[in-house]
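Peer 1: Below is a structure I'd like to ask you about.
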Amino acid sequence: MPARDKDDLPIHSEHFHFVINRDHAVYFEENLYLDSEETFPSFRLFTRDSQLYGKNIRLLDQR
């Protein structure tokens, strides 16, 4: 991300710092969980009460 937008809100945690658009903040969850399968190269993102946010999330390592 080259620069923050005027509508972005900073989110700080112990390990990561990121931003969320003010309009999308209503969907912010304090705790999210990633689940993976050994045979498939993607993740499933969900909340503690099993609300699914994505079931085919891919990780792109740009190091």
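Letters for chains follow the order of the structure tokens (A, B, ...), residue numbers begin at 1 for each chain, and ligand numbers begin at 1 in the order shown.
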Could you give me, as a PyMOL selection string, each residue of chain A that DSSP assigns to helix (DSSP H, G or I) when run on this structure's backbone?
Peer 2: chain A and resi 22-27
Peer 1: Mind writing the picked residues with N, CA, C and O atoms as a PDB file, in the first residue's frame?
Peer 2:
```
ATOM      1  N   ARG A  22     -12.815   3.289   6.866  1.00  0.00           N
ATOM      2  CA  ARG A  22     -13.820   3.693   7.859  1.00  0.00           C
ATOM      3  C   ARG A  22     -15.200   3.076   7.548  1.00  0.00           C
ATOM      4  O   ARG A  22     -15.925   2.667   8.451  1.00  0.00           O
ATOM      5  N   ASP A  23     -15.554   2.979   6.265  1.00  0.00           N
ATOM      6  CA  ASP A  23     -16.853   2.412   5.884  1.00  0.00           C
ATOM      7  C   ASP A  23     -16.934   0.910   6.144  1.00  0.00           C
ATOM      8  O   ASP A  23     -18.016   0.363   6.320  1.00  0.00           O
ATOM      9  N   HIS A  24     -15.791   0.234   6.173  1.00  0.00           N
ATOM     10  CA  HIS A  24     -15.765  -1.210   6.391  1.00  0.00           C
ATOM     11  C   HIS A  24     -15.516  -1.576   7.851  1.00  0.00           C
ATOM     12  O   HIS A  24     -15.519  -2.756   8.197  1.00  0.00           O
ATOM     13  N   ALA A  25     -15.303  -0.592   8.693  1.00  0.00           N
ATOM     14  CA  ALA A  25     -14.989  -0.849  10.104  1.00  0.00           C
ATOM     15  C   ALA A  25     -16.111  -1.576  10.825  1.00  0.00           C
ATOM     16  O   ALA A  25     -15.869  -2.281  11.797  1.00  0.00           O
ATOM     17  N   VAL A  26     -17.334  -1.444  10.348  1.00  0.00           N
ATOM     18  CA  VAL A  26     -18.465  -2.135  10.971  1.00  0.00           C
ATOM     19  C   VAL A  26     -18.290  -3.654  10.897  1.00  0.00           C
ATOM     20  O   VAL A  26     -18.812  -4.390  11.721  1.00  0.00           O
ATOM     21  N   TYR A  27     -17.512  -4.125   9.922  1.00  0.00           N
ATOM     22  CA  TYR A  27     -17.275  -5.561   9.759  1.00  0.00           C
ATOM     23  C   TYR A  27     -16.049  -6.050  10.524  1.00  0.00           C
ATOM     24  O   TYR A  27     -15.746  -7.228  10.498  1.00  0.00           O
TER      25      TYR A  27
END
```
Peer 1: For Asp35 of chain A, work out the shell of residues within 9 Å, counting only C-alpha atoms and skipping chain neighbours fewer than 6 positions away, then give it as a PyMOL selection string.
Peer 2: chain A and resi 42-46
Peer 1: Restrict the selected residues to C-alpha atoms and save them as an mmCIF file, in the first residue's frame.
Peer 2:
```cif
data_model
loop_
_atom_site.group_PDB
_atom_site.id
_atom_site.type_symbol
_atom_site.label_atom_id
_atom_site.label_comp_id
_atom_site.auth_asym_id
_atom_site.auth_seq_id
_atom_site.Cartn_x
_atom_site.Cartn_y
_atom_site.Cartn_z
ATOM 1 C CA SER A 42 -5.318 -21.862 0.624
ATOM 2 C CA PHE A 43 -6.899 -20.814 3.920
ATOM 3 C CA ARG A 44 -10.363 -20.358 5.376
ATOM 4 C CA LEU A 45 -10.964 -17.185 7.432
ATOM 5 C CA PHE A 46 -13.697 -17.269 10.086
#
```
Peer 1: Do you know which residues are at most 12 Å from Ile20 of chain A counting only C-alpha atoms, after dropping those on the same chain fewer than 3 positions away, and could you put them as a PyMOL selection string?
Peer 2: chain A and resi 1+4-12+17+23-29
Peer 1: So the first atom is atom CA of Tyr53 of chain A and the second is atom CA of Asn21 of chain A; what is the distance between them in Å, to one decimal place?
Peer 2: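 Atom CA of Asn21 of chain A lies 16.6 Å from atom CA of Tyr53 of chain A.
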Peer 1: Looking at only C-alpha atoms, which of A:Leu52, A:Ala3, A:Leu32, A:Leu60 is the one that sits closest to Val19 of chain A?
Peer 2: A:Ala3
Peer 1: Give me, as a list in words, the residues of chain A that a backbone DSSP run labels strand (DSSP E).
Peer 2: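 Result set for chain A (strand (DSSP E)): Asp8, Leu9, Pro10, Ile11, His12, His17, Phe18, Val19, Ile20, Asn21, Tyr33, Leu34, Asp35, Ser36, Glu37, Phe40, Pro41, Ser42, Phe43, Arg44, Leu45, Phe46, Leu52, Tyr53, Gly54, Lys55, Asn56 and Ile57 of chain A.
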Peer 1: Just to be explicit: take each residue in the selection above, keep N, CA, C and O atoms, and write the result as an mmCIF file, in the first residue's frame.
Peer 2:
```cif
data_model
loop_
_atom_site.group_PDB
_atom_site.id
_atom_site.type_symbol
_atom_site.label_atom_id
_atom_site.label_comp_id
_atom_site.auth_asym_id
_atom_site.auth_seq_id
_atom_site.Cartn_x
_atom_site.Cartn_y
_atom_site.Cartn_z
ATOM 1 N N ASP A 8 -9.012 5.910 5.982
ATOM 2 C CA ASP A 8 -8.440 4.728 6.616
ATOM 3 C C ASP A 8 -8.232 4.951 8.109
ATOM 4 O O ASP A 8 -7.810 6.026 8.537
ATOM 5 N N LEU A 9 -8.529 3.918 8.879
ATOM 6 C CA LEU A 9 -8.298 3.936 10.328
ATOM 7 C C LEU A 9 -7.179 2.962 10.655
ATOM 8 O O LEU A 9 -7.189 1.826 10.181
ATOM 9 N N PRO A 10 -6.214 3.366 11.483
ATOM 10 C CA PRO A 10 -5.147 2.427 11.853
ATOM 11 C C PRO A 10 -5.646 1.394 12.856
ATOM 12 O O PRO A 10 -6.428 1.693 13.748
ATOM 13 N N ILE A 11 -5.198 0.158 12.682
ATOM 14 C CA ILE A 11 -5.484 -0.943 13.602
ATOM 15 C C ILE A 11 -4.136 -1.477 14.066
ATOM 16 O O ILE A 11 -3.293 -1.827 13.251
ATOM 17 N N HIS A 12 -3.932 -1.506 15.375
ATOM 18 C CA HIS A 12 -2.654 -1.969 15.917
ATOM 19 C C HIS A 12 -2.879 -3.235 16.729
ATOM 20 O O HIS A 12 -3.854 -3.357 17.457
ATOM 21 N N HIS A 17 0.421 -4.256 12.171
ATOM 22 C CA HIS A 17 -0.227 -2.957 12.084
ATOM 23 C C HIS A 17 -0.814 -2.863 10.680
ATOM 24 O O HIS A 17 -0.140 -3.149 9.698
ATOM 25 N N PHE A 18 -2.082 -2.501 10.591
ATOM 26 C CA PHE A 18 -2.720 -2.386 9.291
ATOM 27 C C PHE A 18 -3.796 -1.319 9.368
ATOM 28 O O PHE A 18 -4.040 -0.733 10.423
ATOM 29 N N VAL A 19 -4.420 -1.030 8.245
ATOM 30 C CA VAL A 19 -5.482 -0.032 8.212
ATOM 31 C C VAL A 19 -6.757 -0.668 7.692
ATOM 32 O O VAL A 19 -6.727 -1.679 6.991
ATOM 33 N N ILE A 20 -7.877 -0.063 8.063
ATOM 34 C CA ILE A 20 -9.184 -0.496 7.585
ATOM 35 C C ILE A 20 -9.939 0.752 7.149
ATOM 36 O O ILE A 20 -9.836 1.804 7.795
ATOM 37 N N ASN A 21 -10.663 0.643 6.045
ATOM 38 C CA ASN A 21 -11.460 1.759 5.573
ATOM 39 C C ASN A 21 -12.576 2.029 6.580
ATOM 40 O O ASN A 21 -13.217 1.103 7.078
ATOM 41 N N TYR A 33 -9.785 -16.251 12.690
ATOM 42 C CA TYR A 33 -9.025 -17.495 12.690
ATOM 43 C C TYR A 33 -8.776 -17.955 11.261
ATOM 44 O O TYR A 33 -9.653 -17.855 10.413
ATOM 45 N N LEU A 34 -7.579 -18.446 11.010
ATOM 46 C CA LEU A 34 -7.221 -19.034 9.724
ATOM 47 C C LEU A 34 -7.125 -20.536 9.891
ATOM 48 O O LEU A 34 -6.509 -21.023 10.827
ATOM 49 N N ASP A 35 -7.733 -21.263 8.984
ATOM 50 C CA ASP A 35 -7.679 -22.715 8.986
ATOM 51 C C ASP A 35 -7.104 -23.146 7.643
ATOM 52 O O ASP A 35 -7.380 -22.535 6.620
ATOM 53 N N SER A 36 -6.305 -24.185 7.646
ATOM 54 C CA SER A 36 -5.703 -24.651 6.394
ATOM 55 C C SER A 36 -5.880 -26.152 6.240
ATOM 56 O O SER A 36 -6.180 -26.862 7.198
ATOM 57 N N GLU A 37 -5.715 -26.611 5.010
ATOM 58 C CA GLU A 37 -5.728 -28.038 4.711
ATOM 59 C C GLU A 37 -4.397 -28.386 4.074
ATOM 60 O O GLU A 37 -3.886 -27.638 3.249
ATOM 61 N N PHE A 40 -4.497 -28.604 0.129
ATOM 62 C CA PHE A 40 -4.955 -27.486 -0.688
ATOM 63 C C PHE A 40 -4.225 -26.218 -0.247
ATOM 64 O O PHE A 40 -4.196 -25.910 0.946
ATOM 65 N N PRO A 41 -3.634 -25.458 -1.175
ATOM 66 C CA PRO A 41 -2.783 -24.320 -0.802
ATOM 67 C C PRO A 41 -3.561 -23.025 -0.535
ATOM 68 O O PRO A 41 -3.238 -21.980 -1.082
ATOM 69 N N SER A 42 -4.602 -23.087 0.272
ATOM 70 C CA SER A 42 -5.318 -21.862 0.624
ATOM 71 C C SER A 42 -5.839 -21.972 2.055
ATOM 72 O O SER A 42 -5.712 -23.005 2.698
ATOM 73 N N PHE A 43 -6.424 -20.889 2.541
ATOM 74 C CA PHE A 43 -6.899 -20.814 3.920
ATOM 75 C C PHE A 43 -8.382 -20.487 3.942
ATOM 76 O O PHE A 43 -8.938 -19.965 2.997
ATOM 77 N N ARG A 44 -8.985 -20.735 5.094
ATOM 78 C CA ARG A 44 -10.363 -20.358 5.376
ATOM 79 C C ARG A 44 -10.303 -19.370 6.533
ATOM 80 O O ARG A 44 -9.648 -19.622 7.543
ATOM 81 N N LEU A 45 -10.960 -18.226 6.410
ATOM 82 C CA LEU A 45 -10.964 -17.185 7.432
ATOM 83 C C LEU A 45 -12.346 -17.127 8.065
ATOM 84 O O LEU A 45 -13.348 -16.971 7.367
ATOM 85 N N PHE A 46 -12.403 -17.241 9.406
ATOM 86 C CA PHE A 46 -13.697 -17.269 10.086
ATOM 87 C C PHE A 46 -13.593 -16.695 11.487
ATOM 88 O O PHE A 46 -12.497 -16.480 12.013
ATOM 89 N N LEU A 52 -18.178 -17.172 8.329
ATOM 90 C CA LEU A 52 -17.144 -17.355 7.315
ATOM 91 C C LEU A 52 -16.890 -16.053 6.568
ATOM 92 O O LEU A 52 -17.816 -15.447 6.036
ATOM 93 N N TYR A 53 -15.631 -15.616 6.516
ATOM 94 C CA TYR A 53 -15.241 -14.415 5.778
ATOM 95 C C TYR A 53 -14.610 -14.764 4.437
ATOM 96 O O TYR A 53 -14.552 -13.932 3.550
ATOM 97 N N GLY A 54 -14.101 -15.938 4.292
ATOM 98 C CA GLY A 54 -13.509 -16.364 3.031
ATOM 99 C C GLY A 54 -13.092 -17.813 3.129
ATOM 100 O O GLY A 54 -12.614 -18.254 4.167
ATOM 101 N N LYS A 55 -13.260 -18.567 2.028
ATOM 102 C CA LYS A 55 -12.907 -19.978 2.098
ATOM 103 C C LYS A 55 -11.830 -20.374 1.106
ATOM 104 O O LYS A 55 -11.437 -21.515 1.050
ATOM 105 N N ASN A 56 -11.329 -19.439 0.326
ATOM 106 C CA ASN A 56 -10.272 -19.746 -0.628
ATOM 107 C C ASN A 56 -9.254 -18.617 -0.631
ATOM 108 O O ASN A 56 -8.967 -18.020 -1.667
ATOM 109 N N ILE A 57 -8.728 -18.296 0.541
ATOM 110 C CA ILE A 57 -7.794 -17.183 0.704
ATOM 111 C C ILE A 57 -6.384 -17.687 0.442
ATOM 112 O O ILE A 57 -5.919 -18.626 1.066
#
```
